[in-house]
Amino acid sequence: MSVSREGPTPEAAARMLADVRRVEHRTDGRRRSATTASPMIAWGLGWLLAYGCLALVRGGVGLAIASVIFVVAVVASWLGDGGIRTGWERKIKLAWLGIVISSVFLVSTVAPVPMDRLLLFVGALWCLAMLLYAIATDDRAWAVVSATGVVVAGVSPMLPWSVLLTFAIGVGGPLLVLGVARRAGGAR
Amino acid sequence: MKDGATGLDDDFAALLRIPFDPTLTDPARLRIQAALVALPRSGSIGFTALASALQMTDGNLGRHLSVLVEVGYVETSVTFRGRRKSTWYQASSDGRHAFETHVAALRGVLDAASPD
C-alpha cells in the first residue's frame, strides 16, 4: 500500500538537509570565532609580553609592568562580542575572577619558592582553567593549546634557557596564532 | 510490528507521519532557524552577524525573521551600548522543537526513498 504525503522530493529533501548541515557548521564556526578569537589574541599578546617582561626585567619593575599588561589583556578580552553571544559571558567573567583571586591564595600555599616558579605555577593554573573551559565547550584546538601550556610549564624548569621566556613563547605564541586564525576564518 | 493501516513497520510508518512545518517549508526560513538552533540554548546573534553567516541581504533576512518572530519560533531582545542599539535573535523552545520535527520529516523522505 502506498503512503501519500505532501512534501519535497527525496532529492530536494537531501539538498535541504545538506544546506542545514552547512549552515549549522558555519554558524558554529562563526560562534567560535566571535566568542574566542578576541580573548585568544588578547591573552596571547598579554602572555607573550607579560611573561617576556618578567623574564627580561627583573624585580618589582618587571612585576609592575607585567601586572599592567595583564589587566589590559583581561579588559581587551572582554571588549568585543562579534555579533554572537553564548549567554554564558557573565558566568565566564565570574569564573575568571574566581581563578585570579584564588591564584593569590594558591601561591601562598606553596610559598616560599623562587619567583620564577611562582609565576610558572600561576600560569600553569590559568592554562588548566582554559583547558577545562575548552573541554566543556568541545573546543579541541583550544584544549590542545591549553594542555600544551600546562606541559610547557612543567617541562621548562628542566630546560637550560630562561624558564619564563620559554613559557611566554610556548603559551602566548600558540594562543595568538589560534586567535588570529579564528579571526581570519570568522571574517570569511 | 506492522502498522495495520499501511502494512509498514511501525517505526517507519511513524517516521512518515511526521508533519512538515508550514513556516519552515520555505528554504530561507529553514536556514535561518538552522543557524539559530546551532547556537547554545542561551545564545543569540545580532542581525548583521546573522546576515553575514547566511549570506542573505538585509531585506530578505528581515522579512523572513519577522515571520519567524510572529509564529513564535524566534525571540528578540534589545541591548544598548551607549547610544548604539543592537537587536539579538534567539531560537525559542517552540522554534527548536519545530525545527527538529521538520528536519526529522525531511529525513523521513530520504529514508522512505531508500528504506534499506
# chains A, B, ... in the order shown; residues from 1 in each chain; ligands from 1
call {"tool": "interface_residues", "arguments": {"of": "chain A", "to": "chain B", "cutoff": "9 Å", "atoms": "only C-alpha atoms", "output": "MDAnalysis selection string"}}
result
chainID A and resid 1:3 5:11 13:14 16:17 19:21 23:28 30:31 82:88
call {"tool": "residues_around", "arguments": {"residues": "Lys93 of chain A", "least_positions_apart": "5", "cutoff": "12 Å", "atoms": "only C-alpha atoms", "output": "PyMOL selection string"}}
result
chain A and resi 39+74-75+77-79+87-88+98-100
call {"tool": "write_last_selection", "arguments": {"atoms": "all heavy atoms", "output": "PDB file, in the first residue's frame"}}
result
ATOM      1  N   PRO A  39      39.472  37.078  22.836  1.00  0.00           N
ATOM      2  CA  PRO A  39      40.175  36.685  24.065  1.00  0.00           C
ATOM      3  C   PRO A  39      41.512  36.002  23.788  1.00  0.00           C
ATOM      4  O   PRO A  39      42.492  36.244  24.488  1.00  0.00           O
ATOM      5  CB  PRO A  39      39.200  35.703  24.733  1.00  0.00           C
ATOM      6  CG  PRO A  39      37.863  36.091  24.233  1.00  0.00           C
ATOM      7  CD  PRO A  39      38.088  36.568  22.829  1.00  0.00           C
ATOM      8  N   VAL A  74      43.105  41.430  30.077  1.00  0.00           N
ATOM      9  CA  VAL A  74      41.795  40.999  30.599  1.00  0.00           C
ATOM     10  C   VAL A  74      40.688  41.903  30.055  1.00  0.00           C
ATOM     11  O   VAL A  74      39.675  41.413  29.537  1.00  0.00           O
ATOM     12  CB  VAL A  74      41.786  41.012  32.145  1.00  0.00           C
ATOM     13  CG1 VAL A  74      40.361  40.812  32.675  1.00  0.00           C
ATOM     14  CG2 VAL A  74      42.690  39.931  32.694  1.00  0.00           C
ATOM     15  N   VAL A  75      40.910  43.220  30.141  1.00  0.00           N
ATOM     16  CA  VAL A  75      39.888  44.172  29.664  1.00  0.00           C
ATOM     17  C   VAL A  75      39.678  44.005  28.157  1.00  0.00           C
ATOM     18  O   VAL A  75      38.531  43.947  27.680  1.00  0.00           O
ATOM     19  CB  VAL A  75      40.299  45.625  30.008  1.00  0.00           C
ATOM     20  CG1 VAL A  75      39.353  46.623  29.350  1.00  0.00           C
ATOM     21  CG2 VAL A  75      40.310  45.827  31.525  1.00  0.00           C
ATOM     22  N   SER A  77      40.133  41.407  26.348  1.00  0.00           N
ATOM     23  CA  SER A  77      39.495  40.124  26.013  1.00  0.00           C
ATOM     24  C   SER A  77      37.979  40.192  26.213  1.00  0.00           C
ATOM     25  O   SER A  77      37.254  39.350  25.701  1.00  0.00           O
ATOM     26  CB  SER A  77      40.085  38.997  26.865  1.00  0.00           C
ATOM     27  OG  SER A  77      39.678  39.127  28.210  1.00  0.00           O
ATOM     28  N   TRP A  78      37.497  41.182  26.960  1.00  0.00           N
ATOM     29  CA  TRP A  78      36.062  41.295  27.212  1.00  0.00           C
ATOM     30  C   TRP A  78      35.402  42.350  26.343  1.00  0.00           C
ATOM     31  O   TRP A  78      34.202  42.583  26.467  1.00  0.00           O
ATOM     32  CB  TRP A  78      35.818  41.639  28.683  1.00  0.00           C
ATOM     33  CG  TRP A  78      36.140  40.509  29.605  1.00  0.00           C
ATOM     34  CD1 TRP A  78      36.345  39.197  29.248  1.00  0.00           C
ATOM     35  CD2 TRP A  78      36.304  40.563  31.036  1.00  0.00           C
ATOM     36  NE1 TRP A  78      36.626  38.452  30.350  1.00  0.00           N
ATOM     37  CE2 TRP A  78      36.610  39.246  31.466  1.00  0.00           C
ATOM     38  CE3 TRP A  78      36.219  41.574  31.968  1.00  0.00           C
ATOM     39  CZ2 TRP A  78      36.832  38.923  32.790  1.00  0.00           C
ATOM     40  CZ3 TRP A  78      36.433  41.251  33.306  1.00  0.00           C
ATOM     41  CH2 TRP A  78      36.730  39.949  33.707  1.00  0.00           C
ATOM     42  N   LEU A  79      36.156  42.996  25.479  1.00  0.00           N
ATOM     43  CA  LEU A  79      35.595  44.133  24.738  1.00  0.00           C
ATOM     44  C   LEU A  79      34.588  43.742  23.661  1.00  0.00           C
ATOM     45  O   LEU A  79      33.458  44.165  23.682  1.00  0.00           O
ATOM     46  CB  LEU A  79      36.720  44.963  24.118  1.00  0.00           C
ATOM     47  CG  LEU A  79      37.426  45.933  25.080  1.00  0.00           C
ATOM     48  CD1 LEU A  79      38.478  46.725  24.335  1.00  0.00           C
ATOM     49  CD2 LEU A  79      36.437  46.859  25.771  1.00  0.00           C
ATOM     50  N   GLY A  87      25.500  33.619  26.027  1.00  0.00           N
ATOM     51  CA  GLY A  87      24.659  33.685  27.216  1.00  0.00           C
ATOM     52  C   GLY A  87      25.421  33.267  28.468  1.00  0.00           C
ATOM     53  O   GLY A  87      24.892  33.333  29.571  1.00  0.00           O
ATOM     54  N   TRP A  88      26.680  32.821  28.287  1.00  0.00           N
ATOM     55  CA  TRP A  88      27.485  32.412  29.452  1.00  0.00           C
ATOM     56  C   TRP A  88      28.470  33.499  29.837  1.00  0.00           C
ATOM     57  O   TRP A  88      29.297  33.298  30.738  1.00  0.00           O
ATOM     58  CB  TRP A  88      28.337  31.172  29.148  1.00  0.00           C
ATOM     59  CG  TRP A  88      27.703  30.094  28.378  1.00  0.00           C
ATOM     60  CD1 TRP A  88      26.432  29.618  28.541  1.00  0.00           C
ATOM     61  CD2 TRP A  88      28.291  29.316  27.321  1.00  0.00           C
ATOM     62  NE1 TRP A  88      26.203  28.596  27.658  1.00  0.00           N
ATOM     63  CE2 TRP A  88      27.315  28.394  26.895  1.00  0.00           C
ATOM     64  CE3 TRP A  88      29.538  29.303  26.708  1.00  0.00           C
ATOM     65  CZ2 TRP A  88      27.549  27.476  25.883  1.00  0.00           C
ATOM     66  CZ3 TRP A  88      29.778  28.383  25.701  1.00  0.00           C
ATOM     67  CH2 TRP A  88      28.790  27.487  25.284  1.00  0.00           C
ATOM     68  N   GLY A  98      37.147  34.427  39.913  1.00  0.00           N
ATOM     69  CA  GLY A  98      37.411  33.439  40.960  1.00  0.00           C
ATOM     70  C   GLY A  98      38.788  32.828  40.825  1.00  0.00           C
ATOM     71  O   GLY A  98      39.511  32.640  41.818  1.00  0.00           O
ATOM     72  N   ILE A  99      39.194  32.534  39.593  1.00  0.00           N
ATOM     73  CA  ILE A  99      40.510  31.919  39.365  1.00  0.00           C
ATOM     74  C   ILE A  99      41.631  32.891  39.724  1.00  0.00           C
ATOM     75  O   ILE A  99      42.615  32.516  40.369  1.00  0.00           O
ATOM     76  CB  ILE A  99      40.630  31.460  37.893  1.00  0.00           C
ATOM     77  CG1 ILE A  99      39.711  30.267  37.656  1.00  0.00           C
ATOM     78  CG2 ILE A  99      42.074  31.085  37.556  1.00  0.00           C
ATOM     79  CD1 ILE A  99      39.422  29.994  36.207  1.00  0.00           C
ATOM     80  N   VAL A 100      41.460  34.145  39.296  1.00  0.00           N
ATOM     81  CA  VAL A 100      42.515  35.142  39.566  1.00  0.00           C
ATOM     82  C   VAL A 100      42.661  35.371  41.070  1.00  0.00           C
ATOM     83  O   VAL A 100      43.772  35.391  41.610  1.00  0.00           O
ATOM     84  CB  VAL A 100      42.201  36.471  38.831  1.00  0.00           C
ATOM     85  CG1 VAL A 100      43.137  37.581  39.286  1.00  0.00           C
ATOM     86  CG2 VAL A 100      42.337  36.269  37.328  1.00  0.00           C
TER      87      VAL A 100
END
call {"tool": "residues_around", "arguments": {"residues": "His64 of chain B", "least_positions_apart": "2", "cutoff": "10 Å", "atoms": "only C-alpha atoms", "output": "mmCIF file with N, CA, C and O atoms, in the first residue's frame"}}
result
data_model
loop_
_atom_site.group_PDB
_atom_site.id
_atom_site.type_symbol
_atom_site.label_atom_id
_atom_site.label_comp_id
_atom_site.auth_asym_id
_atom_site.auth_seq_id
_atom_site.Cartn_x
_atom_site.Cartn_y
_atom_site.Cartn_z
ATOM 1 N N THR B 23 5.770 26.819 8.168
ATOM 2 C CA THR B 23 6.640 28.007 8.221
ATOM 3 C C THR B 23 8.045 27.672 7.727
ATOM 4 O O THR B 23 8.683 28.477 7.044
ATOM 5 N N ASP B 26 9.689 26.945 3.750
ATOM 6 C CA ASP B 26 10.466 27.926 2.980
ATOM 7 C C ASP B 26 11.960 27.721 3.275
ATOM 8 O O ASP B 26 12.372 27.777 4.438
ATOM 9 N N ALA B 28 14.605 29.545 2.960
ATOM 10 C CA ALA B 28 15.306 30.648 3.632
ATOM 11 C C ALA B 28 15.007 30.628 5.128
ATOM 12 O O ALA B 28 15.908 30.809 5.955
ATOM 13 N N ARG B 29 13.751 30.386 5.472
ATOM 14 C CA ARG B 29 13.388 30.357 6.899
ATOM 15 C C ARG B 29 14.000 29.134 7.578
ATOM 16 O O ARG B 29 14.384 29.197 8.737
ATOM 17 N N LEU B 30 14.098 28.030 6.836
ATOM 18 C CA LEU B 30 14.733 26.827 7.401
ATOM 19 C C LEU B 30 16.210 27.111 7.710
ATOM 20 O O LEU B 30 16.732 26.704 8.754
ATOM 21 N N ILE B 32 17.573 30.066 8.333
ATOM 22 C CA ILE B 32 17.655 30.994 9.475
ATOM 23 C C ILE B 32 17.484 30.213 10.785
ATOM 24 O O ILE B 32 18.255 30.364 11.731
ATOM 25 N N GLY B 59 17.214 42.972 3.602
ATOM 26 C CA GLY B 59 15.774 42.997 3.362
ATOM 27 C C GLY B 59 15.171 41.607 3.419
ATOM 28 O O GLY B 59 14.140 41.378 4.068
ATOM 29 N N ASN B 60 15.829 40.673 2.755
ATOM 30 C CA ASN B 60 15.345 39.293 2.712
ATOM 31 C C ASN B 60 15.358 38.678 4.115
ATOM 32 O O ASN B 60 14.377 38.062 4.549
ATOM 33 N N LEU B 61 16.461 38.888 4.822
ATOM 34 C CA LEU B 61 16.575 38.336 6.176
ATOM 35 C C LEU B 61 15.512 38.948 7.092
ATOM 36 O O LEU B 61 14.844 38.229 7.842
ATOM 37 N N GLY B 62 15.363 40.261 7.025
ATOM 38 C CA GLY B 62 14.399 40.949 7.883
ATOM 39 C C GLY B 62 12.976 40.445 7.652
ATOM 40 O O GLY B 62 12.224 40.234 8.608
ATOM 41 N N SER B 66 10.874 38.348 10.536
ATOM 42 C CA SER B 66 9.622 38.834 11.138
ATOM 43 C C SER B 66 8.542 37.753 11.101
ATOM 44 O O SER B 66 7.718 37.661 12.020
ATOM 45 N N VAL B 67 8.571 36.893 10.078
ATOM 46 C CA VAL B 67 7.610 35.770 10.036
ATOM 47 C C VAL B 67 7.909 34.798 11.180
ATOM 48 O O VAL B 67 7.006 34.353 11.902
ATOM 49 N N LEU B 68 9.196 34.489 11.368
ATOM 50 C CA LEU B 68 9.585 33.546 12.420
ATOM 51 C C LEU B 68 9.277 34.099 13.825
ATOM 52 O O LEU B 68 8.887 33.352 14.717
ATOM 53 N N VAL B 69 9.444 35.402 13.970
ATOM 54 C CA VAL B 69 9.119 36.038 15.255
ATOM 55 C C VAL B 69 7.605 35.979 15.475
ATOM 56 O O VAL B 69 7.126 35.670 16.568
ATOM 57 N N GLU B 70 6.859 36.226 14.405
ATOM 58 C CA GLU B 70 5.403 36.254 14.513
ATOM 59 C C GLU B 70 4.831 34.892 14.936
ATOM 60 O O GLU B 70 3.909 34.834 15.748
#
call {"tool": "residues_around", "arguments": {"residues": "segment 177-181 of chain A", "least_positions_apart": "2", "cutoff": "7 Å", "atoms": "only C-alpha atoms", "output": "list in words"}}
result
Ala37, Ser38, Met40, Ile41, Gly173, Pro174, Leu175, Arg183, Ala184 and Gly185 of chain A
call {"tool": "write_last_selection", "arguments": {"atoms": "C-alpha atoms", "output": "PDB file, in the first residue's frame"}}
result
ATOM      1  CA  ALA A  37      39.194  34.986  18.765  1.00  0.00           C
ATOM      2  CA  SER A  38      39.408  38.293  20.684  1.00  0.00           C
ATOM      3  CA  MET A  40      42.831  34.476  22.445  1.00  0.00           C
ATOM      4  CA  ILE A  41      44.524  37.390  20.711  1.00  0.00           C
ATOM      5  CA  GLY A 173      52.627  32.136  20.674  1.00  0.00           C
ATOM      6  CA  PRO A 174      50.133  29.310  20.024  1.00  0.00           C
ATOM      7  CA  LEU A 175      47.295  31.274  21.665  1.00  0.00           C
ATOM      8  CA  ARG A 183      39.585  35.945  13.464  1.00  0.00           C
ATOM      9  CA  ALA A 184      40.615  35.427   9.827  1.00  0.00           C
ATOM     10  CA  GLY A 185      38.312  32.399   9.480  1.00  0.00           C
TER      11      GLY A 185
END
call {"tool": "closest_residue", "arguments": {"among": "B:Val74, B:Gln55, B:Arg84, B:Arg63", "to": "His97 of chain B", "atoms": "only C-alpha atoms"}}
result
B:Val74
call {"tool": "atom_distance", "arguments": {"atom1": "atom CA of Tyr73 of chain B", "atom2": "atom CA of Thr57 of chain B"}}
result
20.6 Å
